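Participant: My file is upload_30.cif. It has mmCIF, C-alpha atoms:
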data_query
loop_
_atom_site.group_PDB
_atom_site.id
_atom_site.type_symbol
_atom_site.label_atom_id
_atom_site.label_comp_id
_atom_site.auth_asym_id
_atom_site.auth_seq_id
_atom_site.Cartn_x
_atom_site.Cartn_y
_atom_site.Cartn_z
ATOM 1 C CA MET A 39 -5.916 69.649 -41.224
ATOM 2 C CA LEU A 40 -5.372 67.544 -44.301
ATOM 3 C CA ASP A 41 -6.633 63.968 -43.921
ATOM 4 C CA THR A 42 -3.866 62.447 -45.996
ATOM 5 C CA LEU A 43 -0.803 64.251 -47.159
ATOM 6 C CA GLY A 44 0.684 63.944 -50.582
ATOM 7 C CA HIS A 45 4.374 64.337 -51.254
ATOM 8 C CA HIS A 46 4.087 68.100 -51.806
ATOM 9 C CA GLU A 47 2.453 68.651 -48.455
ATOM 10 C CA ALA A 48 4.908 66.348 -46.679
ATOM 11 C CA LEU A 49 7.890 68.210 -48.140
ATOM 12 C CA ILE A 50 6.364 71.522 -47.085
ATOM 13 C CA TYR A 51 5.828 70.077 -43.603
ATOM 14 C CA VAL A 52 9.567 69.313 -43.487
ATOM 15 C CA MET A 53 10.441 72.901 -44.366
ATOM 16 C CA VAL A 54 7.916 74.406 -41.946
ATOM 17 C CA MET A 55 9.102 72.088 -39.183
ATOM 18 C CA MET A 56 12.705 73.176 -39.727
ATOM 19 C CA SER A 57 11.697 76.809 -39.847
ATOM 20 C CA ALA A 58 9.687 76.515 -36.633
ATOM 21 C CA VAL A 59 12.191 74.465 -34.621
ATOM 22 C CA ASP A 60 13.666 77.606 -33.049
ATOM 23 C CA LYS A 61 10.152 78.769 -32.070
ATOM 24 C CA ALA A 62 10.201 81.676 -34.527
ATOM 25 C CA MET A 63 9.238 81.436 -38.187
ATOM 26 C CA SER A 64 10.532 84.563 -39.863
ATOM 27 C CA ASP A 65 9.101 86.129 -42.995
ATOM 28 C CA ASP A 66 12.433 85.392 -44.697
ATOM 29 C CA GLU A 67 12.043 81.691 -43.931
ATOM 30 C CA LEU A 68 8.494 81.651 -45.262
ATOM 31 C CA GLU A 69 9.641 83.470 -48.389
ATOM 32 C CA ARG A 70 12.418 80.904 -48.850
ATOM 33 C CA ILE A 71 9.891 78.070 -48.567
ATOM 34 C CA GLY A 72 7.745 79.777 -51.205
ATOM 35 C CA ALA A 73 10.744 80.306 -53.464
ATOM 36 C CA LEU A 74 11.758 76.650 -53.188
ATOM 37 C CA CYS A 75 8.200 75.584 -54.027
ATOM 38 C CA ARG A 76 8.287 77.746 -57.158
ATOM 39 C CA LEU A 77 11.810 76.751 -58.195
ATOM 40 C CA LEU A 78 12.281 73.032 -57.602
ATOM 41 C CA PRO A 79 11.088 70.467 -60.158
ATOM 42 C CA ILE A 80 9.446 68.322 -57.452
ATOM 43 C CA PHE A 81 6.907 71.143 -56.970
ATOM 44 C CA GLU A 82 6.226 71.843 -60.662
ATOM 45 C CA ASP A 83 2.603 70.648 -60.428
ATOM 46 C CA PHE A 84 1.985 72.129 -56.957
ATOM 47 C CA ASP A 85 -0.599 74.887 -56.505
ATOM 48 C CA ASP A 86 1.347 77.450 -54.462
ATOM 49 C CA GLU A 87 -1.925 79.106 -53.425
ATOM 50 C CA ARG A 88 -2.167 76.248 -50.901
ATOM 51 C CA LEU A 89 1.189 76.968 -49.267
ATOM 52 C CA VAL A 90 -0.068 79.160 -46.427
ATOM 53 C CA ASP A 91 -2.829 76.709 -45.481
ATOM 54 C CA ILE A 92 -0.414 73.775 -45.490
ATOM 55 C CA ALA A 93 2.088 75.716 -43.371
ATOM 56 C CA ARG A 94 -0.688 76.632 -40.941
ATOM 57 C CA ASP A 95 -1.807 72.986 -40.703
ATOM 58 C CA CYS A 96 1.742 71.889 -39.967
ATOM 59 C CA ALA A 97 2.208 74.574 -37.310
ATOM 60 C CA SER A 98 -1.034 73.453 -35.686
ATOM 61 C CA GLN A 99 0.175 69.843 -35.607
ATOM 62 C CA LEU A 100 3.524 70.890 -34.163
ATOM 63 C CA SER A 101 1.880 72.820 -31.338
ATOM 64 C CA GLY A 102 0.029 69.759 -30.059
ATOM 65 C CA THR A 103 1.154 67.190 -27.541
ATOM 66 C CA GLU A 104 4.048 65.209 -29.013
ATOM 67 C CA GLY A 105 3.630 67.362 -32.116
ATOM 68 C CA LEU A 106 7.153 66.942 -33.439
ATOM 69 C CA ASP A 107 7.025 63.158 -33.209
ATOM 70 C CA ILE A 108 3.605 63.087 -34.856
ATOM 71 C CA VAL A 109 4.695 65.362 -37.707
ATOM 72 C CA LEU A 110 7.831 63.288 -38.306
ATOM 73 C CA GLU A 111 5.666 60.180 -38.573
ATOM 74 C CA ILE A 112 3.164 61.912 -40.875
ATOM 75 C CA ILE A 113 6.054 62.908 -43.145
ATOM 76 C CA ARG A 114 7.539 59.405 -43.172
ATOM 77 C CA GLU A 115 4.199 57.835 -44.030
ATOM 78 C CA ALA A 116 3.326 60.385 -46.722
ATOM 79 C CA LEU A 117 6.603 60.338 -48.635
ATOM 80 C CA PRO A 118 7.714 57.601 -50.979
ATOM 81 C CA ALA A 119 11.180 56.344 -50.011
ATOM 82 C CA ARG A 120 12.668 57.867 -53.179
ATOM 83 C CA LEU A 121 11.934 61.341 -51.741
ATOM 84 C CA TYR A 122 13.480 60.813 -48.299
ATOM 85 C CA ASP A 123 16.769 62.386 -49.357
ATOM 86 C CA THR A 124 14.857 65.242 -50.995
ATOM 87 C CA ALA A 125 13.094 65.907 -47.693
ATOM 88 C CA TYR A 126 16.415 65.930 -45.865
ATOM 89 C CA ALA A 127 17.922 68.257 -48.467
ATOM 90 C CA LEU A 128 15.037 70.712 -48.032
ATOM 91 C CA ALA A 129 15.492 70.656 -44.255
ATOM 92 C CA VAL A 130 19.208 71.342 -44.649
ATOM 93 C CA GLU A 131 18.464 74.133 -47.119
ATOM 94 C CA LEU A 132 16.271 75.912 -44.556
ATOM 95 C CA ALA A 133 18.735 75.343 -41.715
ATOM 96 C CA ALA A 134 21.727 76.596 -43.707
ATOM 97 C CA ALA A 135 20.071 79.634 -45.245
ATOM 98 C CA ASP A 136 20.895 81.972 -42.359
ATOM 99 C CA LEU A 137 24.509 80.707 -42.233
ATOM 100 C CA ALA A 138 24.191 79.770 -38.567
ATOM 101 C CA ILE A 139 22.899 76.285 -37.795
ATOM 102 C CA ARG A 140 21.585 76.122 -34.250
ATOM 103 C CA HIS A 141 21.630 73.182 -31.869
ATOM 104 C CA GLU A 142 17.850 72.692 -32.272
ATOM 105 C CA GLU A 143 18.253 72.483 -36.040
ATOM 106 C CA ILE A 144 21.036 69.920 -35.770
ATOM 107 C CA ARG A 145 18.914 67.812 -33.442
ATOM 108 C CA LEU A 146 15.938 68.009 -35.807
ATOM 109 C CA LEU A 147 18.131 66.967 -38.734
ATOM 110 C CA GLN A 148 19.280 63.947 -36.702
ATOM 111 C CA MET A 149 15.687 63.053 -35.876
ATOM 112 C CA LEU A 150 14.632 63.392 -39.510
ATOM 113 C CA ARG A 151 17.596 61.291 -40.669
ATOM 114 C CA ASP A 152 16.757 58.577 -38.164
ATOM 115 C CA ARG A 153 13.014 58.598 -38.882
ATOM 116 C CA LEU A 154 13.586 58.343 -42.625
ATOM 117 C CA GLY A 155 16.377 55.777 -42.254
ATOM 118 C CA LEU A 156 18.895 57.794 -44.230
ATOM 119 C CA ASP A 157 22.531 56.784 -44.061
ATOM 120 C CA LYS A 158 25.104 59.171 -42.625
ATOM 121 C CA LEU A 159 27.123 59.365 -45.846
ATOM 122 C CA THR A 160 24.120 60.559 -47.867
ATOM 123 C CA CYS A 161 23.287 63.138 -45.200
ATOM 124 C CA ALA A 162 26.889 64.343 -45.019
ATOM 125 C CA ALA A 163 26.935 64.834 -48.792
ATOM 126 C CA ILE A 164 23.695 66.840 -48.671
ATOM 127 C CA GLU A 165 25.044 68.959 -45.815
ATOM 128 C CA ARG A 166 28.346 69.570 -47.606
ATOM 129 C CA GLY A 167 26.499 70.650 -50.739
ATOM 130 C CA ALA A 168 24.484 73.182 -48.741
ATOM 131 C CA MET A 169 27.650 74.555 -47.151
ATOM 132 C CA ALA A 170 29.157 75.040 -50.610
ATOM 133 C CA ARG A 171 26.025 76.791 -51.941
ATOM 134 C CA PHE A 172 25.799 79.252 -49.060
ATOM 135 C CA ARG A 173 29.499 80.012 -48.670
ATOM 136 C CA ARG A 174 30.460 83.675 -48.961
#
As a first step, turn the structure in this file into structure tokens.

Facilitator:
Amino acid sequence: MLDTLGHHEALIYVMVMMSAVDKAMSDDELERIGALCRLLPIFEDFDDERLVDIARDCASQLSGTEGLDIVLEIIREALPARLYDTAYALAVELAAADLAIRHEEIRLLQMLRDRLGLDKLTCAAIERGAMARFRR
């Protein structure tokens, strides 16, 4: 496991956590995480060769006792406050991608919002934006 996470790793942890919340990380979800890491400006200096190892480290943390709470705290400590809304937006992006947000995903979004101290209006705007992007 990484001793200290940088912002890239913490953001990837957010996406892996959201992907794994339903106990099944699909290849499509992992591909989406990879695509977001290649596309988004926040990842422009990230070495995507590290993605699989970071995802594996996160999954290992999540599988431990109180894993979800520990990972949420790791993320909060690793991210600068200016990236809290970015983390939430990435979580929403993963949750909304399959066009069916499950109860577990909603609960995880609430936990992430609370842990990062994000206001409900900001979160609602991020969620509404995702709905607009994925609408058919």

Participant: Can you pull out the residues contacting Arg145 (chain A)? Cut-off 12 Å, using only C-alpha atoms, and skip same-chain residues under 5 positions away; I want them as a VMD selection string.

Facilitator: chain A and resid 56 59 to 60 106 129 to 130 133 139 to 140 150 to 152

Participant: In Å, rounded to a single decimal, give me how far CA of Ala127 (chain A) is from CA of Glu165 (chain A).

Facilitator: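 Answer for the CA of Glu165 (chain A) to CA of Ala127 (chain A) separation: 7.6 Å.
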
Participant: Could you work out how far CA of Met55 (chain A) lies from CA of Leu78 (chain A), giving the answer in Å with one decimal?

Facilitator: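 Result for CA of Leu78 (chain A) versus CA of Met55 (chain A): 18.7 Å, one decimal.
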
Participant: Any chance you could resolve the PyMOL selection byres ((chain A and resi 113) around 12) against this file and give the residues as number ranges by chain?

Facilitator: A: 42-55, 96, 99, 106-112, 114-119, 121-122, 125-126, 150-151, 153-154

Participant: Could you list as a PyMOL selection string every residue that has an atom within 12 Å of (29.4, 74.4, -44.3), using the file's coordinates and counting only C-alpha atoms?

Facilitator: chain A and resi 130-131+133-139+162-174

Participant: Output C-alpha atoms for every residue in that selection, as a compact mmCIF listing (two decimals), in the coordinates of the input.

Facilitator:
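Saved the output as again31.txt:
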# COMPACT_ATOMS: atom_id res chain seq x y z
CA VAL A 130 19.21 71.34 -44.65
CA GLU A 131 18.46 74.13 -47.12
CA ALA A 133 18.74 75.34 -41.72
CA ALA A 134 21.73 76.60 -43.71
CA ALA A 135 20.07 79.63 -45.24
CA ASP A 136 20.90 81.97 -42.36
CA LEU A 137 24.51 80.71 -42.23
CA ALA A 138 24.19 79.77 -38.57
CA ILE A 139 22.90 76.28 -37.80
CA ALA A 162 26.89 64.34 -45.02
CA ALA A 163 26.94 64.83 -48.79
CA ILE A 164 23.70 66.84 -48.67
CA GLU A 165 25.04 68.96 -45.82
CA ARG A 166 28.35 69.57 -47.61
CA GLY A 167 26.50 70.65 -50.74
CA ALA A 168 24.48 73.18 -48.74
CA MET A 169 27.65 74.56 -47.15
CA ALA A 170 29.16 75.04 -50.61
CA ARG A 171 26.02 76.79 -51.94
CA PHE A 172 25.80 79.25 -49.06
CA ARG A 173 29.50 80.01 -48.67
CA ARG A 174 30.46 83.68 -48.96

Participant: As an exercise, work out the distance from CA of Thr124 (chain A) to CA of Ile71 (chain A) in Å and give it to one decimal place.

Facilitator: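 Interatomic distance, CA of Thr124 (chain A) to CA of Ile71 (chain A): 14.0 Å.
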
Participant: Any chance you could work out the axis-aligned box around region 141-160 of chain A, listed atoms only, 4 Å on each side, giving centre and edge lengths in Å to one decimal, as AutoDock Vina command-line options?

Facilitator:
--center_x 20.1 --center_y 64.5 --center_z -39.9 --size_x 22.1 --size_y 25.4 --size_z 24.0

Participant: Within 10 Å of Asp85 (chain A), counting only C-alpha atoms, which residues qualify if same-chain residues fewer than 2 places away don't, as a list in words?

Facilitator: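 Everything that qualifies: His46, Cys75, Arg76, Phe81, Glu82, Asp83, Glu87, Arg88 and Leu89 of chain A.
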
Participant: From the list A:Ser64, A:Glu143, A:Leu132, A:Asp123, which residue is nearest Leu159 (chain A) when using all atoms listed in the file?

Facilitator: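 The shortest atom-to-atom distance to Leu159 (chain A) comes from A:Asp123.
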